[in-house]
$ cat input-v4.tsv   # TSV, N, CA and C atoms
chain	number	residue	atom	x	y	z
A	10	MET	N	19.34	17.76	33.86
A	10	MET	CA	19.32	16.91	32.68
A	10	MET	C	18.98	17.76	31.45
A	11	ASN	N	19.73	17.55	30.40
A	11	ASN	CA	19.56	18.31	29.16
A	11	ASN	C	18.86	17.41	28.13
A	12	PRO	N	17.58	17.70	27.78
A	12	PRO	CA	16.89	16.84	26.81
A	12	PRO	C	17.53	16.93	25.43
A	13	LYS	N	17.50	15.80	24.71
A	13	LYS	CA	18.06	15.73	23.36
A	13	LYS	C	17.03	16.24	22.35
A	14	THR	N	17.53	16.88	21.29
A	14	THR	CA	16.68	17.32	20.19
A	14	THR	C	17.47	17.23	18.90
A	15	ALA	N	16.77	17.01	17.80
A	15	ALA	CA	17.41	16.98	16.48
A	15	ALA	C	17.54	18.38	15.91
A	16	LEU	N	16.89	19.35	16.56
A	16	LEU	CA	16.94	20.73	16.08
A	16	LEU	C	18.30	21.36	16.40
A	17	ILE	N	18.73	22.23	15.53
A	17	ILE	CA	19.94	23.01	15.78
A	17	ILE	C	19.49	24.31	16.44
A	18	LEU	N	19.92	24.51	17.68
A	18	LEU	CA	19.46	25.65	18.46
A	18	LEU	C	20.52	26.76	18.44
A	19	THR	N	20.02	27.99	18.34
A	19	THR	CA	20.91	29.16	18.34
A	19	THR	C	20.46	30.14	19.42
A	20	LYS	N	21.21	31.23	19.58
A	20	LYS	CA	20.86	32.22	20.59
A	20	LYS	C	19.52	32.89	20.31
A	21	GLU	N	19.10	32.92	19.04
A	21	GLU	CA	17.79	33.50	18.70
A	21	GLU	C	16.63	32.63	19.23
A	22	ASP	N	16.92	31.38	19.57
A	22	ASP	CA	15.89	30.46	20.05
A	22	ASP	C	15.68	30.54	21.56
A	23	LYS	N	16.49	31.31	22.24
A	23	LYS	CA	16.40	31.39	23.70
A	23	LYS	C	15.00	31.84	24.12
A	24	GLY	N	14.41	31.10	25.05
A	24	GLY	CA	13.08	31.40	25.55
A	24	GLY	C	11.97	30.66	24.81
A	25	LYS	N	12.24	30.11	23.62
A	25	LYS	CA	11.22	29.34	22.88
A	25	LYS	C	11.15	27.93	23.45
A	26	SER	N	10.07	27.25	23.18
A	26	SER	CA	9.90	25.86	23.63
A	26	SER	C	10.01	24.93	22.43
A	27	VAL	N	10.36	23.69	22.69
A	27	VAL	CA	10.44	22.64	21.66
A	27	VAL	C	9.33	21.65	21.95
A	28	TYR	N	8.54	21.34	20.94
A	28	TYR	CA	7.42	20.40	21.06
A	28	TYR	C	7.64	19.21	20.16
A	29	LYS	N	7.17	18.06	20.58
A	29	LYS	CA	7.19	16.86	19.72
A	29	LYS	C	5.75	16.54	19.36
A	30	ILE	N	5.49	16.39	18.08
A	30	ILE	CA	4.16	16.00	17.60
A	30	ILE	C	4.27	14.63	16.97
A	31	VAL	N	3.45	13.69	17.42
A	31	VAL	CA	3.40	12.35	16.86
A	31	VAL	C	2.07	12.22	16.14
A	32	CYS	N	2.11	11.94	14.84
A	32	CYS	CA	0.91	11.82	14.02
A	32	CYS	C	0.98	10.50	13.26
A	33	LYS	N	-0.01	9.65	13.44
A	33	LYS	CA	-0.05	8.37	12.73
A	33	LYS	C	-0.86	8.54	11.45
A	34	HIS	N	-0.24	8.21	10.32
A	34	HIS	CA	-0.91	8.23	9.03
A	34	HIS	C	-1.18	6.79	8.62
A	35	GLU	N	-2.32	6.54	8.03
A	35	GLU	CA	-2.65	5.20	7.58
A	35	GLU	C	-2.36	5.09	6.09
A	36	LEU	N	-1.58	4.09	5.73
A	36	LEU	CA	-1.25	3.81	4.34
A	36	LEU	C	-1.92	2.51	3.96
A	37	VAL	N	-2.66	2.50	2.86
A	37	VAL	CA	-3.31	1.29	2.39
A	37	VAL	C	-2.63	0.88	1.09
A	38	LEU	N	-2.17	-0.34	1.02
A	38	LEU	CA	-1.53	-0.89	-0.18
A	38	LEU	C	-2.42	-1.98	-0.73
A	39	GLU	N	-2.75	-1.89	-2.01
A	39	GLU	CA	-3.56	-2.92	-2.66
A	39	GLU	C	-2.81	-3.36	-3.91
A	40	GLN	N	-2.51	-4.66	-4.01
A	40	GLN	CA	-1.82	-5.20	-5.17
A	40	GLN	C	-2.60	-6.41	-5.69
A	41	GLU	N	-2.71	-6.53	-7.01
A	41	GLU	CA	-3.31	-7.71	-7.63
A	41	GLU	C	-2.19	-8.64	-8.02
A	42	ILE	N	-2.33	-9.93	-7.69
A	42	ILE	CA	-1.27	-10.90	-7.89
A	42	ILE	C	-1.81	-12.08	-8.67
A	43	LEU	N	-1.13	-12.45	-9.74
A	43	LEU	CA	-1.50	-13.59	-10.57
A	43	LEU	C	-0.88	-14.85	-9.98
A	44	ALA	N	-1.72	-15.81	-9.55
A	44	ALA	CA	-1.23	-17.01	-8.88
A	44	ALA	C	-2.24	-18.14	-9.07
A	45	ASN	N	-1.84	-19.35	-8.69
A	45	ASN	CA	-2.71	-20.53	-8.79
A	45	ASN	C	-3.58	-20.74	-7.56
A	46	SER	N	-3.24	-20.10	-6.45
A	46	SER	CA	-4.01	-20.27	-5.22
A	46	SER	C	-3.79	-19.07	-4.32
A	47	ALA	N	-4.63	-18.93	-3.30
A	47	ALA	CA	-4.47	-17.85	-2.33
A	47	ALA	C	-3.15	-17.98	-1.58
A	48	ASP	N	-2.75	-19.21	-1.26
A	48	ASP	CA	-1.48	-19.42	-0.56
A	48	ASP	C	-0.31	-18.98	-1.42
A	49	GLU	N	-0.35	-19.34	-2.72
A	49	GLU	CA	0.72	-18.93	-3.63
A	49	GLU	C	0.73	-17.40	-3.78
A	50	ALA	N	-0.46	-16.79	-3.88
A	50	ALA	CA	-0.54	-15.34	-4.00
A	50	ALA	C	0.08	-14.66	-2.78
A	51	PHE	N	-0.22	-15.17	-1.59
A	51	PHE	CA	0.35	-14.59	-0.37
A	51	PHE	C	1.87	-14.76	-0.35
A	52	ASP	N	2.36	-15.94	-0.74
A	52	ASP	CA	3.81	-16.17	-0.77
A	52	ASP	C	4.48	-15.22	-1.76
A	53	LEU	N	3.87	-15.01	-2.93
A	53	LEU	CA	4.42	-14.08	-3.92
A	53	LEU	C	4.42	-12.65	-3.38
A	54	TYR	N	3.35	-12.29	-2.67
A	54	TYR	CA	3.27	-10.97	-2.07
A	54	TYR	C	4.42	-10.76	-1.08
A	55	ILE	N	4.66	-11.76	-0.24
A	55	ILE	CA	5.73	-11.66	0.76
A	55	ILE	C	7.09	-11.58	0.09
A	56	LYS	N	7.31	-12.40	-0.96
A	56	LYS	CA	8.63	-12.47	-1.61
A	56	LYS	C	8.87	-11.32	-2.59
A	57	GLU	N	7.84	-10.92	-3.35
A	57	GLU	CA	8.06	-9.99	-4.46
A	57	GLU	C	7.22	-8.72	-4.41
A	58	GLY	N	6.25	-8.65	-3.52
A	58	GLY	CA	5.35	-7.50	-3.47
A	58	GLY	C	5.54	-6.70	-2.21
A	59	GLY	N	4.49	-6.00	-1.83
A	59	GLY	CA	4.52	-5.23	-0.59
A	59	GLY	C	5.21	-3.89	-0.76
A	60	LEU	N	5.61	-3.33	0.34
A	60	LEU	CA	6.27	-2.03	0.36
A	60	LEU	C	7.78	-2.16	0.21
A	61	ASN	N	8.37	-1.18	-0.41
A	61	ASN	CA	9.82	-1.05	-0.43
A	61	ASN	C	10.19	-0.26	0.83
A	62	TYR	N	10.45	-0.98	1.90
A	62	TYR	CA	10.69	-0.33	3.18
A	62	TYR	C	11.91	0.58	3.17
A	63	SER	N	12.86	0.32	2.28
A	63	SER	CA	14.02	1.21	2.21
A	63	SER	C	13.65	2.59	1.69
A	64	ALA	N	12.47	2.71	1.05
A	64	ALA	CA	12.02	4.01	0.56
A	64	ALA	C	11.28	4.81	1.64
A	65	ILE	N	11.02	4.18	2.78
A	65	ILE	CA	10.33	4.88	3.87
A	65	ILE	C	11.39	5.56	4.71
A	66	THR	N	11.70	6.78	4.33
A	66	THR	CA	12.73	7.56	5.00
A	66	THR	C	12.18	8.93	5.35
A	67	SER	N	13.00	9.75	5.93
A	67	SER	CA	12.57	11.10	6.26
A	67	SER	C	12.29	11.94	5.01
A	68	ASP	N	12.65	11.42	3.82
A	68	ASP	CA	12.32	12.12	2.58
A	68	ASP	C	10.81	12.21	2.38
A	69	LEU	N	10.05	11.38	3.07
A	69	LEU	CA	8.59	11.42	2.98
A	69	LEU	C	8.00	12.60	3.76
A	70	THR	N	8.80	13.22	4.58
A	70	THR	CA	8.28	14.25	5.48
A	70	THR	C	8.71	15.65	5.03
A	71	CYS	N	7.97	16.62	5.49
A	71	CYS	CA	8.30	18.02	5.26
A	71	CYS	C	9.07	18.53	6.47
A	72	THR	N	10.18	19.19	6.23
A	72	THR	CA	10.95	19.76	7.32
A	72	THR	C	11.30	21.21	6.98
A	73	SER	N	11.83	21.91	7.96
A	73	SER	CA	12.27	23.29	7.78
A	73	SER	C	13.35	23.55	8.83
A	74	PRO	N	13.89	24.75	8.85
A	74	PRO	CA	14.90	25.02	9.89
A	74	PRO	C	14.36	24.86	11.32
A	75	VAL	N	13.03	24.92	11.50
A	75	VAL	CA	12.48	24.77	12.85
A	75	VAL	C	11.71	23.47	13.04
A	76	ILE	N	11.76	22.58	12.03
A	76	ILE	CA	11.07	21.28	12.12
A	76	ILE	C	12.03	20.19	11.62
A	77	GLU	N	12.28	19.18	12.45
A	77	GLU	CA	13.11	18.04	12.10
A	77	GLU	C	12.34	16.75	12.33
A	78	THR	N	12.48	15.79	11.44
A	78	THR	CA	11.87	14.47	11.61
A	78	THR	C	12.81	13.61	12.43
A	79	THR	N	12.30	13.04	13.52
A	79	THR	CA	13.14	12.20	14.39
A	79	THR	C	12.84	10.72	14.26
A	80	MET	N	11.69	10.35	13.68
A	80	MET	CA	11.36	8.95	13.53
A	80	MET	C	10.29	8.79	12.46
A	81	ILE	N	10.41	7.72	11.68
A	81	ILE	CA	9.37	7.36	10.71
A	81	ILE	C	9.35	5.84	10.65
A	82	ASP	N	8.15	5.27	10.60
A	82	ASP	CA	8.00	3.82	10.66
A	82	ASP	C	6.77	3.41	9.87
A	83	ALA	N	6.74	2.18	9.41
A	83	ALA	CA	5.57	1.63	8.74
A	83	ALA	C	5.32	0.23	9.30
A	84	GLU	N	4.08	-0.06	9.59
A	84	GLU	CA	3.70	-1.36	10.13
A	84	GLU	C	2.74	-2.03	9.17
A	85	SER	N	2.71	-3.35	9.18
A	85	SER	CA	1.77	-4.09	8.33
A	85	SER	C	1.09	-5.21	9.13
A	86	PRO	N	0.25	-4.84	10.09
A	86	PRO	CA	-0.35	-5.86	10.94
A	86	PRO	C	-1.52	-6.61	10.31
A	87	ASP	N	-2.18	-6.02	9.32
A	87	ASP	CA	-3.39	-6.62	8.77
A	87	ASP	C	-3.24	-6.88	7.28
A	88	THR	N	-3.10	-8.14	6.90
A	88	THR	CA	-2.98	-8.51	5.49
A	88	THR	C	-4.05	-9.55	5.19
A	89	LYS	N	-4.82	-9.32	4.13
A	89	LYS	CA	-5.83	-10.30	3.75
A	89	LYS	C	-5.75	-10.56	2.25
A	90	VAL	N	-6.10	-11.79	1.86
A	90	VAL	CA	-6.09	-12.21	0.47
A	90	VAL	C	-7.53	-12.35	0.02
A	91	THR	N	-7.89	-11.72	-1.10
A	91	THR	CA	-9.24	-11.77	-1.62
A	91	THR	C	-9.22	-12.32	-3.04
A	92	TYR	N	-10.01	-13.34	-3.31
A	92	TYR	CA	-10.12	-13.92	-4.65
A	92	TYR	C	-10.85	-12.94	-5.56
A	93	LEU	N	-10.26	-12.61	-6.72
A	93	LEU	CA	-10.89	-11.70	-7.66
A	93	LEU	C	-11.51	-12.44	-8.84
A	94	GLY	N	-10.96	-13.57	-9.25
A	94	GLY	CA	-11.50	-14.30	-10.39
A	94	GLY	C	-10.43	-15.19	-10.98
A	95	THR	N	-10.82	-15.94	-12.01
A	95	THR	CA	-9.93	-16.86	-12.71
A	95	THR	C	-9.72	-16.37	-14.13
A	96	VAL	N	-8.47	-16.42	-14.62
A	96	VAL	CA	-8.17	-15.98	-15.98
A	96	VAL	C	-8.72	-16.99	-16.97
A	97	VAL	N	-9.49	-16.51	-17.94
A	97	VAL	CA	-10.06	-17.34	-18.99
A	97	VAL	C	-9.88	-16.63	-20.32
A	98	GLU	N	-9.92	-17.41	-21.41
A	98	GLU	CA	-9.80	-16.84	-22.74
A	98	GLU	C	-11.16	-16.38	-23.21
A	99	ASN	N	-11.24	-15.19	-23.73
A	99	ASN	CA	-12.46	-14.66	-24.31
A	99	ASN	C	-12.40	-15.02	-25.79
A	100	SER	N	-13.16	-16.02	-26.22
A	100	SER	CA	-13.03	-16.58	-27.57
A	100	SER	C	-13.37	-15.59	-28.68
A	101	ASP	N	-14.12	-14.54	-28.40
A	101	ASP	CA	-14.48	-13.57	-29.44
A	101	ASP	C	-13.28	-12.84	-30.00
A	102	ASP	N	-12.35	-12.47	-29.15
A	102	ASP	CA	-11.22	-11.67	-29.63
A	102	ASP	C	-9.86	-12.20	-29.17
A	103	CYS	N	-9.82	-13.44	-28.68
A	103	CYS	CA	-8.59	-14.09	-28.22
A	103	CYS	C	-7.87	-13.29	-27.13
A	104	MET	N	-8.62	-12.48	-26.40
A	104	MET	CA	-8.05	-11.74	-25.28
A	104	MET	C	-8.33	-12.54	-24.00
A	105	TYR	N	-7.64	-12.21	-22.96
A	105	TYR	CA	-7.84	-12.88	-21.68
A	105	TYR	C	-8.49	-11.92	-20.71
A	106	ASP	N	-9.32	-12.46	-19.85
A	106	ASP	CA	-10.05	-11.66	-18.88
A	106	ASP	C	-10.23	-12.50	-17.62
A	107	LEU	N	-10.91	-11.95	-16.64
A	107	LEU	CA	-11.19	-12.69	-15.41
A	107	LEU	C	-12.62	-13.16	-15.39
A	108	GLU	N	-12.83	-14.38	-14.97
A	108	GLU	CA	-14.17	-14.89	-14.72
A	108	GLU	C	-14.40	-14.77	-13.22
A	109	LEU	N	-15.41	-14.00	-12.86
A	109	LEU	CA	-15.68	-13.75	-11.45
A	109	LEU	C	-16.73	-14.74	-10.96
A	110	LYS	N	-16.28	-15.87	-10.47
A	110	LYS	CA	-17.17	-16.95	-10.10
A	110	LYS	C	-18.14	-16.59	-8.99
A	111	GLU	N	-17.73	-15.74	-8.08
A	111	GLU	CA	-18.61	-15.43	-6.96
A	111	GLU	C	-19.79	-14.55	-7.37
A	112	LEU	N	-19.73	-13.87	-8.52
A	112	LEU	CA	-20.84	-13.05	-8.97
A	112	LEU	C	-21.88	-13.89	-9.70
A	113	ASP	N	-21.45	-14.59	-10.75
A	113	ASP	CA	-22.33	-15.46	-11.52
A	113	ASP	C	-21.44	-16.35	-12.37
A	114	PRO	N	-21.34	-17.65	-12.07
A	114	PRO	CA	-20.43	-18.54	-12.78
A	114	PRO	C	-20.72	-18.64	-14.29
A	115	GLY	N	-21.94	-18.32	-14.72
A	115	GLY	CA	-22.29	-18.45	-16.13
A	115	GLY	C	-21.95	-17.24	-16.97
A	116	LYS	N	-21.53	-16.14	-16.34
A	116	LYS	CA	-21.25	-14.91	-17.09
A	116	LYS	C	-19.79	-14.54	-16.99
A	117	MET	N	-19.32	-13.85	-18.02
A	117	MET	CA	-17.98	-13.28	-18.00
A	117	MET	C	-18.13	-11.81	-17.65
A	118	TYR	N	-17.28	-11.30	-16.78
A	118	TYR	CA	-17.32	-9.90	-16.40
A	118	TYR	C	-15.98	-9.25	-16.68
A	119	SER	N	-16.02	-8.00	-17.07
A	119	SER	CA	-14.79	-7.25	-17.22
A	119	SER	C	-14.17	-7.08	-15.85
A	120	ARG	N	-12.85	-7.22	-15.73
A	120	ARG	CA	-12.19	-7.09	-14.44
A	120	ARG	C	-12.31	-5.68	-13.89
A	121	TYR	N	-12.62	-4.71	-14.74
A	121	TYR	CA	-12.70	-3.33	-14.28
A	121	TYR	C	-14.11	-2.91	-13.91
A	122	SER	N	-15.11	-3.73	-14.24
A	122	SER	CA	-16.46	-3.35	-13.88
A	122	SER	C	-17.31	-4.59	-13.69
A	123	GLU	N	-17.75	-4.83	-12.47
A	123	GLU	CA	-18.61	-5.97	-12.19
A	123	GLU	C	-19.97	-5.81	-12.87
A	124	LEU	N	-20.33	-4.60	-13.22
A	124	LEU	CA	-21.66	-4.33	-13.74
A	124	LEU	C	-21.78	-4.54	-15.25
A	125	ASN	N	-20.66	-4.68	-15.96
A	125	ASN	CA	-20.69	-4.79	-17.41
A	125	ASN	C	-20.23	-6.17	-17.86
A	126	PRO	N	-21.16	-7.12	-18.08
A	126	PRO	CA	-20.76	-8.43	-18.54
A	126	PRO	C	-20.08	-8.35	-19.90
A	127	VAL	N	-19.10	-9.22	-20.12
A	127	VAL	CA	-18.42	-9.32	-21.41
A	127	VAL	C	-19.14	-10.37	-22.21
A	128	SER	N	-19.51	-10.09	-23.45
A	128	SER	CA	-20.25	-11.07	-24.25
A	128	SER	C	-19.31	-12.22	-24.64
A	129	LYS	N	-19.86	-13.44	-24.64
A	129	LYS	CA	-19.05	-14.62	-24.98
A	129	LYS	C	-19.03	-14.87	-26.44

$ encode --input "input-v4.tsv" --output "structure tokens"
Amino acid sequence: MNPKTALILTKEDKGKSVYKIVCKHELVLEQEILANSADEAFDLYIKEGGLNYSAITSDLTCTSPVIETTMIDAESPDTKVTYLGTVVENSDDCMYDLELKELDPGKMYSRYSELNPVSK
């Protein structure tokens, strides 16, 4: 039986061995989605967000004359929705920001820093 390989073998390769290395890389994707509810946010994520799977090709890998990519895959088994806050108008400057209810309902917080309250 002659094993299959993606490598192009020549007479200079005689006596060498071919090895397969399988390495799992973890990719974490985090997207913020503007929606009216967690269910709507998840539906928007499924319809309009997530990964562009057509971009997951062997172009992501490094190859050479002695290294060929034979498979690449991405899985998404764990998806969770986390509430970040509600959009409210900041009356001081007519800008919009997030109100983070789970931290303190009486205070406005900058969406970029939980530690720096925004003055009302």

$ residues_around --input "input-v4.tsv" --residues "Gly59 in chain A" --least-positions-apart "6" --cutoff "8 Å" --atoms "only N, CA and C atoms" --output "list in words"
Leu38, Gln40 and Leu53 of chain A

$ atom_distance --input "input-v4.tsv" --atom1 "CA of Ser63 in chain A" --atom2 "atom N of Glu84 in chain A"
12.4 Å

$ atom_distance --input "input-v4.tsv" --atom1 "atom C of Asp68 in chain A" --atom2 "atom N of Ala83 in chain A"
12.9 Å

$ atom_distance --input "input-v4.tsv" --atom1 "atom N of Ile65 in chain A" --atom2 "atom C of Glu77 in chain A"
15.8 Å

$ closest_residue --input "input-v4.tsv" --among "A:Thr79, A:Asn61, A:Thr88, A:Thr70" --to "His34 in chain A" --atoms "only C-alpha atoms"
A:Thr70

$ closest_residue --input "input-v4.tsv" --among "A:Lys20, A:Val96, A:Cys32, A:Val90" --to "Asp48 in chain A" --atoms "only C-alpha atoms"
A:Val90
